[in-house]
$ cat upload-v7.cif   # mmCIF, C-alpha atoms
data_start
loop_
_atom_site.group_PDB
_atom_site.id
_atom_site.type_symbol
_atom_site.label_atom_id
_atom_site.label_comp_id
_atom_site.auth_asym_id
_atom_site.auth_seq_id
_atom_site.Cartn_x
_atom_site.Cartn_y
_atom_site.Cartn_z
ATOM 1 C CA MET N 1 45.665 9.974 150.712
ATOM 2 C CA LYS N 2 48.499 10.346 148.196
ATOM 3 C CA PRO N 3 50.728 7.262 147.582
ATOM 4 C CA LEU N 4 53.927 9.153 148.408
ATOM 5 C CA PHE N 5 52.451 10.347 151.719
ATOM 6 C CA LYS N 6 51.347 6.808 152.574
ATOM 7 C CA ARG N 7 54.826 5.512 151.743
ATOM 8 C CA GLY N 8 56.298 8.197 153.994
ATOM 9 C CA LEU N 9 54.077 7.180 156.887
ATOM 10 C CA ALA N 10 55.012 3.538 156.380
ATOM 11 C CA LEU N 11 58.718 4.360 156.362
ATOM 12 C CA ALA N 12 58.332 6.482 159.490
ATOM 13 C CA ALA N 13 56.522 3.649 161.253
ATOM 14 C CA LEU N 14 59.248 1.197 160.250
ATOM 15 C CA SER N 15 61.918 3.602 161.484
ATOM 16 C CA LEU N 16 60.188 3.957 164.855
ATOM 17 C CA ALA N 17 59.801 0.199 165.153
ATOM 18 C CA PHE N 18 63.475 -0.305 164.299
ATOM 19 C CA ALA N 19 64.544 2.358 166.794
ATOM 20 C CA SER N 20 62.401 0.753 169.500
ATOM 21 C CA ALA N 21 63.877 -2.646 168.769
ATOM 22 C CA VAL N 22 67.414 -1.299 168.922
ATOM 23 C CA HIS N 23 66.637 0.502 172.178
ATOM 24 C CA ALA N 24 65.111 -2.656 173.687
ATOM 25 C CA GLN N 25 68.273 -4.571 172.816
ATOM 26 C CA ALA N 26 70.559 -1.896 174.188
ATOM 27 C CA PHE N 27 70.223 -2.810 177.881
ATOM 28 C CA PRO N 28 71.612 -1.425 180.088
ATOM 29 C CA ASP N 29 71.663 1.603 177.729
ATOM 30 C CA ASN N 30 74.237 3.419 179.912
ATOM 31 C CA LYS N 31 71.712 3.543 182.743
ATOM 32 C CA PRO N 32 72.726 2.397 186.264
ATOM 33 C CA VAL N 33 71.471 -0.880 187.681
ATOM 34 C CA THR N 34 70.196 -1.001 191.260
ATOM 35 C CA MET N 35 70.834 -4.181 193.213
ATOM 36 C CA VAL N 36 68.318 -4.301 196.056
ATOM 37 C CA VAL N 37 69.372 -6.099 199.256
ATOM 38 C CA PRO N 38 66.703 -6.889 201.891
ATOM 39 C CA PHE N 39 68.959 -6.447 204.908
ATOM 40 C CA ALA N 40 71.031 -3.751 206.570
ATOM 41 C CA ALA N 41 74.377 -2.532 205.297
ATOM 42 C CA GLY N 42 77.263 -4.472 206.791
ATOM 43 C CA GLY N 43 75.339 -7.735 207.036
ATOM 44 C CA PRO N 44 76.420 -10.921 205.233
ATOM 45 C CA THR N 45 74.053 -10.588 202.257
ATOM 46 C CA ASP N 46 75.135 -6.974 201.854
ATOM 47 C CA VAL N 47 78.779 -8.115 201.849
ATOM 48 C CA VAL N 48 78.084 -10.497 198.956
ATOM 49 C CA ALA N 49 76.170 -7.812 197.052
ATOM 50 C CA ARG N 50 78.937 -5.221 197.337
ATOM 51 C CA MET N 51 81.501 -7.843 196.375
ATOM 52 C CA LEU N 52 79.637 -8.475 193.106
ATOM 53 C CA ALA N 53 78.456 -4.948 192.283
ATOM 54 C CA ILE N 54 81.694 -3.506 190.865
ATOM 55 C CA PRO N 55 82.689 -6.456 188.623
ATOM 56 C CA MET N 56 79.084 -6.797 187.418
ATOM 57 C CA GLY N 57 79.105 -3.106 186.555
ATOM 58 C CA LYS N 58 82.300 -3.542 184.555
ATOM 59 C CA ALA N 59 80.795 -6.461 182.642
ATOM 60 C CA LEU N 60 77.661 -4.435 181.875
ATOM 61 C CA ASN N 61 79.617 -1.243 181.144
ATOM 62 C CA THR N 62 77.527 0.675 183.644
ATOM 63 C CA THR N 63 77.279 1.271 187.394
ATOM 64 C CA VAL N 64 75.680 -1.263 189.735
ATOM 65 C CA THR N 65 74.698 0.316 193.042
ATOM 66 C CA VAL N 66 73.538 -1.519 196.158
ATOM 67 C CA GLU N 67 70.347 -0.340 197.859
ATOM 68 C CA ASN N 68 69.419 -1.671 201.313
ATOM 69 C CA THR N 69 65.655 -1.976 201.806
ATOM 70 C CA VAL N 70 65.197 -3.510 205.254
ATOM 71 C CA GLY N 71 62.289 -4.814 207.296
ATOM 72 C CA ALA N 72 59.887 -7.736 207.750
ATOM 73 C CA GLY N 73 62.437 -10.462 207.095
ATOM 74 C CA GLY N 74 63.094 -9.277 203.567
ATOM 75 C CA THR N 75 59.464 -9.192 202.444
ATOM 76 C CA ILE N 76 59.399 -5.394 202.075
ATOM 77 C CA ALA N 77 62.315 -5.518 199.638
ATOM 78 C CA SER N 78 60.835 -8.506 197.796
ATOM 79 C CA ALA N 79 57.539 -6.681 197.275
ATOM 80 C CA ARG N 80 59.386 -3.554 196.139
ATOM 81 C CA VAL N 81 61.311 -5.461 193.485
ATOM 82 C CA ALA N 82 58.216 -7.362 192.360
ATOM 83 C CA ARG N 83 56.536 -4.002 191.646
ATOM 84 C CA ALA N 84 59.577 -2.406 189.982
ATOM 85 C CA ALA N 85 59.678 -1.632 186.270
ATOM 86 C CA PRO N 86 60.803 -4.800 184.426
ATOM 87 C CA THR N 87 63.598 -3.154 182.453
ATOM 88 C CA GLY N 88 66.581 -4.985 183.939
ATOM 89 C CA HIS N 89 67.711 -1.910 185.847
ATOM 90 C CA THR N 90 66.384 -3.275 189.148
ATOM 91 C CA ILE N 91 67.751 -6.611 190.356
ATOM 92 C CA TYR N 92 67.487 -8.395 193.675
ATOM 93 C CA LEU N 93 69.923 -10.388 195.796
ATOM 94 C CA HIS N 94 68.257 -12.474 198.495
ATOM 95 C CA HIS N 95 69.164 -15.593 200.413
ATOM 96 C CA MET N 96 67.090 -18.651 201.330
ATOM 97 C CA GLY N 97 64.548 -16.323 202.963
ATOM 98 C CA MET N 98 62.981 -16.109 199.508
ATOM 99 C CA ALA N 99 61.896 -19.733 200.026
ATOM 100 C CA THR N 100 61.012 -19.635 203.725
ATOM 101 C CA ALA N 101 58.794 -16.546 203.412
ATOM 102 C CA VAL N 102 56.116 -18.687 201.769
ATOM 103 C CA SER N 103 55.597 -20.616 205.018
ATOM 104 C CA LEU N 104 56.515 -17.893 207.509
ATOM 105 C CA TYR N 105 54.045 -15.231 206.411
ATOM 106 C CA ARG N 106 50.302 -15.767 206.331
ATOM 107 C CA LYS N 107 49.932 -12.941 203.821
ATOM 108 C CA LEU N 108 52.502 -12.056 201.186
ATOM 109 C CA SER N 109 52.109 -9.261 198.660
ATOM 110 C CA PHE N 110 54.290 -11.199 196.218
ATOM 111 C CA ASP N 111 54.758 -14.756 195.010
ATOM 112 C CA PRO N 112 58.386 -15.957 194.750
ATOM 113 C CA LEU N 113 57.430 -18.373 191.972
ATOM 114 C CA LYS N 114 55.253 -16.011 189.909
ATOM 115 C CA ASP N 115 56.435 -12.436 190.390
ATOM 116 C CA PHE N 116 60.109 -12.703 189.468
ATOM 117 C CA GLU N 117 62.453 -13.626 186.684
ATOM 118 C CA TYR N 118 65.437 -15.709 187.735
ATOM 119 C CA ILE N 119 69.016 -14.679 186.983
ATOM 120 C CA GLY N 120 70.928 -17.409 188.818
ATOM 121 C CA GLN N 121 72.121 -18.809 192.112
ATOM 122 C CA VAL N 122 75.106 -16.872 193.403
ATOM 123 C CA VAL N 123 76.897 -18.273 196.439
ATOM 124 C CA ASP N 124 76.521 -20.736 199.315
ATOM 125 C CA VAL N 125 77.603 -19.509 202.736
ATOM 126 C CA PRO N 126 78.182 -21.577 205.912
ATOM 127 C CA MET N 127 77.260 -20.242 209.345
ATOM 128 C CA THR N 128 78.984 -20.025 212.711
ATOM 129 C CA LEU N 129 77.661 -20.207 216.271
ATOM 130 C CA LEU N 130 79.061 -17.224 218.174
ATOM 131 C CA ALA N 131 79.097 -15.465 221.540
ATOM 132 C CA ARG N 132 80.211 -12.124 222.890
ATOM 133 C CA LYS N 133 83.909 -12.065 223.710
ATOM 134 C CA ASP N 134 83.446 -12.226 227.484
ATOM 135 C CA PHE N 135 80.775 -14.945 227.536
ATOM 136 C CA PRO N 136 81.652 -17.459 230.291
ATOM 137 C CA ALA N 137 81.752 -20.647 228.162
ATOM 138 C CA ASN N 138 85.053 -21.287 226.386
ATOM 139 C CA ASN N 139 84.077 -24.262 224.211
ATOM 140 C CA TYR N 140 80.957 -26.012 222.906
ATOM 141 C CA ALA N 141 80.659 -28.457 225.802
ATOM 142 C CA GLU N 142 80.879 -25.605 228.309
ATOM 143 C CA LEU N 143 78.366 -23.632 226.232
ATOM 144 C CA ILE N 144 75.739 -26.354 226.437
ATOM 145 C CA SER N 145 76.289 -26.816 230.169
ATOM 146 C CA TYR N 146 76.070 -23.075 230.800
ATOM 147 C CA ILE N 147 72.930 -22.668 228.707
ATOM 148 C CA LYS N 148 71.112 -25.499 230.465
ATOM 149 C CA ALA N 149 72.010 -24.084 233.873
ATOM 150 C CA ASN N 150 71.245 -20.445 232.995
ATOM 151 C CA LYS N 151 68.701 -20.555 230.157
ATOM 152 C CA GLU N 152 66.605 -17.713 231.628
ATOM 153 C CA LYS N 153 69.632 -15.387 231.478
ATOM 154 C CA VAL N 154 70.972 -16.211 228.014
ATOM 155 C CA SER N 155 69.918 -14.152 224.992
ATOM 156 C CA LEU N 156 70.114 -15.254 221.365
ATOM 157 C CA ALA N 157 70.125 -12.497 218.733
ATOM 158 C CA ASN N 158 68.818 -12.813 215.188
ATOM 159 C CA ALA N 159 68.243 -10.662 212.106
ATOM 160 C CA GLY N 160 64.459 -10.748 212.410
ATOM 161 C CA LEU N 161 61.584 -13.177 212.002
ATOM 162 C CA GLY N 162 62.381 -15.722 209.333
ATOM 163 C CA ALA N 163 65.945 -14.551 208.767
ATOM 164 C CA VAL N 164 68.548 -17.273 208.361
ATOM 165 C CA SER N 165 70.043 -16.411 211.741
ATOM 166 C CA HIS N 166 66.567 -16.880 213.236
ATOM 167 C CA LEU N 167 66.084 -20.279 211.580
ATOM 168 C CA CYS N 168 69.599 -21.372 212.547
ATOM 169 C CA GLY N 169 68.906 -20.301 216.131
ATOM 170 C CA LEU N 170 65.608 -22.192 216.178
ATOM 171 C CA LEU N 171 67.319 -25.313 214.886
ATOM 172 C CA PHE N 172 70.066 -24.958 217.497
ATOM 173 C CA MET N 173 67.604 -24.539 220.386
ATOM 174 C CA SER N 174 65.572 -27.493 219.129
ATOM 175 C CA SER N 175 68.685 -29.650 218.822
ATOM 176 C CA ILE N 176 69.693 -29.075 222.468
ATOM 177 C CA GLY N 177 66.143 -29.016 223.854
ATOM 178 C CA VAL N 178 66.330 -25.527 225.369
ATOM 179 C CA ASP N 179 64.355 -22.348 224.642
ATOM 180 C CA LEU N 180 66.296 -19.094 225.019
ATOM 181 C CA THR N 181 65.267 -15.444 224.987
ATOM 182 C CA THR N 182 65.508 -14.366 221.345
ATOM 183 C CA VAL N 183 66.271 -10.761 220.395
ATOM 184 C CA PRO N 184 65.302 -9.748 216.817
ATOM 185 C CA TYR N 185 67.085 -7.017 214.862
ATOM 186 C CA LYS N 186 66.681 -5.475 211.430
ATOM 187 C CA GLY N 187 69.582 -7.399 209.964
ATOM 188 C CA THR N 188 72.633 -9.222 211.283
ATOM 189 C CA GLY N 189 74.710 -6.046 210.964
ATOM 190 C CA PRO N 190 72.941 -4.408 213.937
ATOM 191 C CA ALA N 191 72.791 -7.768 215.742
ATOM 192 C CA MET N 192 76.537 -8.196 215.356
ATOM 193 C CA ASN N 193 77.145 -4.678 216.627
ATOM 194 C CA ASP N 194 75.281 -5.492 219.831
ATOM 195 C CA LEU N 195 77.092 -8.828 220.177
ATOM 196 C CA LEU N 196 80.408 -6.981 219.901
ATOM 197 C CA GLY N 197 79.147 -4.459 222.442
ATOM 198 C CA GLY N 198 78.066 -7.162 224.876
ATOM 199 C CA GLN N 199 74.330 -6.325 224.778
ATOM 200 C CA VAL N 200 73.403 -9.864 223.649
ATOM 201 C CA ASP N 201 75.023 -13.228 224.319
ATOM 202 C CA LEU N 202 74.757 -15.478 221.261
ATOM 203 C CA LEU N 203 74.287 -15.221 217.500
ATOM 204 C CA CYS N 204 74.270 -17.605 214.555
ATOM 205 C CA ASP N 205 75.743 -15.731 211.581
ATOM 206 C CA GLN N 206 77.221 -16.279 208.134
ATOM 207 C CA THR N 207 80.952 -16.621 207.518
ATOM 208 C CA THR N 208 80.911 -13.664 205.096
ATOM 209 C CA GLN N 209 80.621 -11.484 208.172
ATOM 210 C CA THR N 210 82.172 -13.536 210.948
ATOM 211 C CA VAL N 211 85.486 -14.960 209.691
ATOM 212 C CA PRO N 212 87.500 -11.712 210.047
ATOM 213 C CA MET N 213 86.088 -11.046 213.542
ATOM 214 C CA ILE N 214 86.788 -14.605 214.654
ATOM 215 C CA LYS N 215 90.380 -14.385 213.434
ATOM 216 C CA GLU N 216 90.820 -11.052 215.209
ATOM 217 C CA GLY N 217 89.512 -12.537 218.465
ATOM 218 C CA ARG N 218 86.661 -10.011 218.713
ATOM 219 C CA ILE N 219 84.048 -12.724 219.290
ATOM 220 C CA LYS N 220 83.975 -16.314 220.521
ATOM 221 C CA VAL N 221 83.118 -19.129 218.145
ATOM 222 C CA TYR N 222 81.801 -22.536 219.199
ATOM 223 C CA GLY N 223 81.448 -24.275 215.872
ATOM 224 C CA VAL N 224 80.560 -24.140 212.186
ATOM 225 C CA THR N 225 77.289 -25.381 210.719
ATOM 226 C CA THR N 226 78.724 -27.525 207.929
ATOM 227 C CA THR N 227 79.496 -31.233 208.112
ATOM 228 C CA LYS N 228 83.161 -30.551 207.306
ATOM 229 C CA ARG N 229 85.534 -27.971 208.774
ATOM 230 C CA LEU N 230 86.125 -24.810 206.788
ATOM 231 C CA SER N 231 89.445 -23.999 205.133
ATOM 232 C CA ALA N 232 89.234 -20.429 206.454
ATOM 233 C CA LEU N 233 88.684 -21.679 210.029
ATOM 234 C CA PRO N 234 90.532 -25.023 210.169
ATOM 235 C CA ASN N 235 90.772 -25.021 213.969
ATOM 236 C CA VAL N 236 87.052 -24.482 214.506
ATOM 237 C CA PRO N 237 85.209 -27.813 214.808
ATOM 238 C CA THR N 238 81.785 -28.463 213.338
ATOM 239 C CA LEU N 239 78.776 -28.714 215.634
ATOM 240 C CA ASP N 240 78.236 -32.185 214.223
ATOM 241 C CA GLU N 241 81.642 -33.469 215.321
ATOM 242 C CA GLN N 242 81.105 -31.988 218.787
ATOM 243 C CA GLY N 243 78.024 -34.101 219.388
ATOM 244 C CA ASN N 244 75.220 -32.153 217.707
ATOM 245 C CA LYS N 245 74.790 -34.869 215.096
ATOM 246 C CA GLY N 246 73.291 -33.906 211.761
ATOM 247 C CA PHE N 247 73.349 -30.161 212.440
ATOM 248 C CA GLU N 248 73.846 -28.432 209.090
ATOM 249 C CA VAL N 249 72.793 -25.007 207.802
ATOM 250 C CA LYS N 250 74.099 -23.496 204.568
ATOM 251 C CA VAL N 251 72.832 -20.195 203.259
ATOM 252 C CA TRP N 252 72.258 -20.024 199.504
ATOM 253 C CA HIS N 253 71.797 -16.739 197.651
ATOM 254 C CA GLY N 254 69.964 -16.057 194.414
ATOM 255 C CA MET N 255 69.664 -13.122 192.023
ATOM 256 C CA TYR N 256 66.276 -12.064 190.646
ATOM 257 C CA ALA N 257 64.569 -9.419 188.512
ATOM 258 C CA PRO N 258 60.924 -8.283 188.283
ATOM 259 C CA LYS N 259 58.574 -10.493 186.275
ATOM 260 C CA GLY N 260 58.508 -9.470 182.637
ATOM 261 C CA THR N 261 62.117 -8.354 182.448
ATOM 262 C CA PRO N 262 63.174 -9.037 178.828
ATOM 263 C CA LYS N 263 65.139 -12.206 178.165
ATOM 264 C CA ASP N 264 67.912 -10.178 176.562
ATOM 265 C CA ALA N 265 68.375 -8.255 179.827
ATOM 266 C CA ILE N 266 68.255 -11.463 181.893
ATOM 267 C CA ASP N 267 70.894 -13.052 179.651
ATOM 268 C CA LYS N 268 73.189 -10.029 180.027
ATOM 269 C CA LEU N 269 72.666 -9.912 183.786
ATOM 270 C CA ASN N 270 73.410 -13.629 184.061
ATOM 271 C CA ALA N 271 76.582 -13.192 182.011
ATOM 272 C CA ALA N 272 77.631 -10.275 184.229
ATOM 273 C CA MET N 273 76.919 -12.303 187.372
ATOM 274 C CA ARG N 274 79.042 -15.171 186.052
ATOM 275 C CA ALA N 275 81.831 -12.767 185.108
ATOM 276 C CA ALA N 276 81.806 -11.336 188.627
ATOM 277 C CA LEU N 277 81.974 -14.799 190.182
ATOM 278 C CA ALA N 278 84.887 -15.667 187.879
ATOM 279 C CA ASP N 279 86.799 -12.528 188.858
ATOM 280 C CA PRO N 280 90.012 -13.668 190.646
ATOM 281 C CA THR N 281 89.612 -11.077 193.410
ATOM 282 C CA VAL N 282 86.006 -12.097 194.081
ATOM 283 C CA LYS N 283 86.891 -15.802 194.037
ATOM 284 C CA GLN N 284 89.694 -15.240 196.540
ATOM 285 C CA ARG N 285 87.502 -13.120 198.839
ATOM 286 C CA LEU N 286 84.772 -15.751 198.787
ATOM 287 C CA ALA N 287 87.321 -18.462 199.550
ATOM 288 C CA ASP N 288 88.735 -16.403 202.416
ATOM 289 C CA LEU N 289 85.212 -16.243 203.859
ATOM 290 C CA SER N 290 84.602 -19.985 203.299
ATOM 291 C CA SER N 291 81.864 -19.231 200.792
ATOM 292 C CA GLU N 292 81.303 -21.491 197.805
ATOM 293 C CA ILE N 293 80.306 -20.737 194.224
ATOM 294 C CA PRO N 294 77.556 -23.199 193.220
ATOM 295 C CA ALA N 295 77.896 -25.768 190.440
ATOM 296 C CA ALA N 296 77.530 -24.466 186.881
ATOM 297 C CA ASP N 297 73.993 -25.841 186.458
ATOM 298 C CA LYS N 298 72.826 -23.707 189.404
ATOM 299 C CA LEU N 299 74.272 -20.501 187.960
ATOM 300 C CA THR N 300 71.398 -20.378 185.474
ATOM 301 C CA PRO N 301 67.854 -19.002 185.652
ATOM 302 C CA GLU N 302 66.490 -22.546 185.411
ATOM 303 C CA GLY N 303 68.870 -23.763 188.119
ATOM 304 C CA LEU N 304 67.784 -21.065 190.541
ATOM 305 C CA ARG N 305 64.084 -21.674 189.951
ATOM 306 C CA THR N 306 64.485 -25.431 190.479
ATOM 307 C CA HIS N 307 66.447 -24.843 193.678
ATOM 308 C CA LEU N 308 63.914 -22.309 194.970
ATOM 309 C CA GLU N 309 61.046 -24.745 194.412
ATOM 310 C CA ALA N 310 62.928 -27.482 196.280
ATOM 311 C CA GLU N 311 63.767 -25.172 199.201
ATOM 312 C CA ILE N 312 60.138 -24.070 199.565
ATOM 313 C CA LYS N 313 59.173 -27.731 199.945
ATOM 314 C CA LYS N 314 62.072 -28.406 202.338
ATOM 315 C CA TRP N 315 61.527 -25.571 204.818
ATOM 316 C CA GLY N 316 57.718 -25.564 204.840
ATOM 317 C CA PRO N 317 57.339 -28.540 207.227
ATOM 318 C CA VAL N 318 60.171 -27.269 209.473
ATOM 319 C CA ILE N 319 58.548 -23.865 209.940
ATOM 320 C CA THR N 320 55.079 -25.337 210.377
ATOM 321 C CA LYS N 321 56.349 -27.695 213.072
ATOM 322 C CA ALA N 322 58.039 -24.809 214.897
ATOM 323 C CA GLY N 323 54.764 -22.875 214.803
ATOM 324 C CA ILE N 324 56.339 -19.552 213.806
ATOM 325 C CA TYR N 325 54.226 -17.219 211.702
ATOM 326 C CA ALA N 326 54.018 -13.543 210.909
ATOM 327 C CA ASP N 327 51.092 -11.519 209.657
#
$ encode --input "upload-v7.cif" --output "structure tokens"
Amino acid sequence: MKPLFKRGLALAALSLAFASAVHAQAFPDNKPVTMVVPFAAGGPTDVVARMLAIPMGKALNTTVTVENTVGAGGTIASARVARAAPTGHTIYLHHMGMATAVSLYRKLSFDPLKDFEYIGQVVDVPMTLLARKDFPANNYAELISYIKANKEKVSLANAGLGAVSHLCGLLFMSSIGVDLTTVPYKGTGPAMNDLLGGQVDLLCDQTTQTVPMIKEGRIKVYGVTTTKRLSALPNVPTLDEQGNKGFEVKVWHGMYAPKGTPKDAIDKLNAAMRAALADPTVKQRLADLSSEIPAADKLTPEGLRTHLEAEIKKWGPVITKAGIYAD
């Protein structure tokens, strides 16, 4: 082979390698990013996702679209993201169900600790204990009395097996020593619709969805699930202060990408997530919904992974004791 031809091949190979390197560093390369949400549109996790999508898109100089992939307590969406191409163009917003799935499901087609890259923890959301507008009880004391006298008639909705609303409902029933008829839905959006329509009696749901409806008087509220009252609902007492001592449920959310997503893409996604959380409009909307942005050390990939590991250990014994499993 002639020297000049060999040199030409070498230069061509170097040019291709350089072009590939530049392309790999060019994420998102003007391509849209899909943010997968494991619950129905209109639900609390969906609200957070759509709140972040536009400012994240601006930070990335592309479009971030929200895609709702519902079913099986979020495990269908989790498996979908785990199998997605690890380019950075598919990301995932899920709440604490990412941790509880390990104990809830006997068989998972994904591993939360092995099949994902971590972008960062996003937001912590309190919950509220609610009833349809015409439910007979007017306060928490009356609620407990009514439930104990009519437990066969009272229905408690949730967003499906293992959803936060399900776990909150289980904890509530355990705390008062009463089992109610539970009604599962594919997300709290549909569950809330039926609560508003009077088809179900009670629901435990996140403030990202419930604060506006509570303020409008469309539903009854009996308490919040934090140890302190919420600034957005200052007149609503905590369940703890009303006698349900130690009752506390906060919903944390994390952002993930498929395993193998390049570090450069993860770094850019993390920076975009932080930019969205720092956006004044987003901060005000989160505050209006009594949602909290986590501490800076949790807004990192390492912070999310550490928190996820701790939550898996925390909820495992609770779920095992309750004896709730899914195939």
$ closest_residue --input "upload-v7.cif" --among "N:Ala159, N:Leu170, N:Val164, N:Ala131" --to "Leu195 (chain N)" --atoms "only C-alpha atoms"
N:Ala131
$ resolve_selection --input "upload-v7.cif" --expression "the PyMOL selection byres ((chain N and resi 57) around 12)" --output "PyMOL selection string"
chain N and resi 28+30-35+49-56+58-66+89+268-269+271-273+275-276
$ write_last_selection --input "upload-v7.cif" --atoms "C-alpha atoms" --output "compact mmCIF listing (two decimals), in the coordinates of the input"
# COMPACT_ATOMS: atom_id res chain seq x y z
CA PRO N 28 71.61 -1.42 180.09
CA ASN N 30 74.24 3.42 179.91
CA LYS N 31 71.71 3.54 182.74
CA PRO N 32 72.73 2.40 186.26
CA VAL N 33 71.47 -0.88 187.68
CA THR N 34 70.20 -1.00 191.26
CA MET N 35 70.83 -4.18 193.21
CA ALA N 49 76.17 -7.81 197.05
CA ARG N 50 78.94 -5.22 197.34
CA MET N 51 81.50 -7.84 196.38
CA LEU N 52 79.64 -8.48 193.11
CA ALA N 53 78.46 -4.95 192.28
CA ILE N 54 81.69 -3.51 190.86
CA PRO N 55 82.69 -6.46 188.62
CA MET N 56 79.08 -6.80 187.42
CA LYS N 58 82.30 -3.54 184.56
CA ALA N 59 80.80 -6.46 182.64
CA LEU N 60 77.66 -4.43 181.88
CA ASN N 61 79.62 -1.24 181.14
CA THR N 62 77.53 0.68 183.64
CA THR N 63 77.28 1.27 187.39
CA VAL N 64 75.68 -1.26 189.74
CA THR N 65 74.70 0.32 193.04
CA VAL N 66 73.54 -1.52 196.16
CA HIS N 89 67.71 -1.91 185.85
CA LYS N 268 73.19 -10.03 180.03
CA LEU N 269 72.67 -9.91 183.79
CA ALA N 271 76.58 -13.19 182.01
CA ALA N 272 77.63 -10.28 184.23
CA MET N 273 76.92 -12.30 187.37
CA ALA N 275 81.83 -12.77 185.11
CA ALA N 276 81.81 -11.34 188.63
$ residues_around --input "upload-v7.cif" --residues "Gly177 (chain N)" --least-positions-apart "5" --cutoff "12 Å" --atoms "all atoms listed in the file" --output "count of residues only"
9
$ atom_distance --input "upload-v7.cif" --atom1 "CA of Gln242 (chain N)" --atom2 "CA of Gly223 (chain N)"
8.3 Å
$ closest_residue --input "upload-v7.cif" --among "N:Ala296, N:Leu230, N:Leu156, N:Leu308" --to "Thr181 (chain N)" --atoms "only C-alpha atoms"
N:Leu156
$ residues_near_point --input "upload-v7.cif" --point "(60.3, -4.4, 211.4)" --cutoff "7 Å" --atoms "all atoms listed in the file" --output "list in words"
Gly71, Ala72 and Lys186 of chain N
$ write_last_selection --input "upload-v7.cif" --atoms "C-alpha atoms" --output "mmCIF file, keeping the file's coordinate frame"
data_model
loop_
_atom_site.group_PDB
_atom_site.id
_atom_site.type_symbol
_atom_site.label_atom_id
_atom_site.label_comp_id
_atom_site.auth_asym_id
_atom_site.auth_seq_id
_atom_site.Cartn_x
_atom_site.Cartn_y
_atom_site.Cartn_z
ATOM 1 C CA GLY N 71 62.289 -4.814 207.296
ATOM 2 C CA ALA N 72 59.887 -7.736 207.750
ATOM 3 C CA LYS N 186 66.681 -5.475 211.430
#
$ resolve_selection --input "upload-v7.cif" --expression "the PyMOL selection byres ((chain N and resi 40) around 7)" --output "list in words"
Phe39, Ala41, Gly42, Gly43, Asn68, Val70, Lys186, Gly187 and Gly189 of chain N
$ resolve_selection --input "upload-v7.cif" --expression "the PyMOL selection byres ((chain N and resi 105-118) around 6)" --output "compact mmCIF listing (two decimals) with C-alpha atoms, in the frame of the given file"
# COMPACT_ATOMS: atom_id res chain seq x y z
CA ALA N 79 57.54 -6.68 197.28
CA ALA N 82 58.22 -7.36 192.36
CA ALA N 101 58.79 -16.55 203.41
CA SER N 103 55.60 -20.62 205.02
CA LEU N 104 56.52 -17.89 207.51
CA ILE N 119 69.02 -14.68 186.98
CA GLY N 120 70.93 -17.41 188.82
CA TYR N 256 66.28 -12.06 190.65
CA ALA N 257 64.57 -9.42 188.51
CA PRO N 258 60.92 -8.28 188.28
CA LYS N 259 58.57 -10.49 186.28
CA PRO N 301 67.85 -19.00 185.65
CA TYR N 325 54.23 -17.22 211.70
CA ALA N 326 54.02 -13.54 210.91
CA ASP N 327 51.09 -11.52 209.66
$ atom_distance --input "upload-v7.cif" --atom1 "CA of Cys168 (chain N)" --atom2 "CA of Thr45 (chain N)"
15.6 Å
$ axis_aligned_box --input "upload-v7.cif" --around "region 183-190 of chain N" --padding-each-side "4 Å" --output "JSON"
{"center_x": 70.0, "center_y": -7.6, "center_z": 215.2, "size_x": 17.4, "size_y": 14.4, "size_z": 18.4}
$ closest_residue --input "upload-v7.cif" --among "N:Lys133, N:Lys228, N:Lys245, N:Lys283" --to "Ile214 (chain N)" --atoms "only C-alpha atoms"
N:Lys133
$ closest_residue --input "upload-v7.cif" --among "N:Thr182, N:Asp201, N:Glu67, N:Gly97" --to "Pro136 (chain N)" --atoms "all atoms listed in the file"
N:Asp201
$ closest_residue --input "upload-v7.cif" --among "N:Ile319, N:Val251, N:Ala310, N:Val81" --to "Cys204 (chain N)" --atoms "all atoms listed in the file"
N:Val251
$ atom_distance --input "upload-v7.cif" --atom1 "CA of Tyr140 (chain N)" --atom2 "CA of Met173 (chain N)"
13.7 Å
$ closest_residue --input "upload-v7.cif" --among "N:Ala163, N:Met127, N:Val178, N:Ile266" --to "Thr87 (chain N)" --atoms "all atoms listed in the file"
N:Ile266
$ residues_near_point --input "upload-v7.cif" --point "(75.5, -8.0, 223.6)" --cutoff "10 Å" --atoms "all atoms listed in the file" --output "NGL selection string"
:N and (131-135 or 155-157 or 191-203)
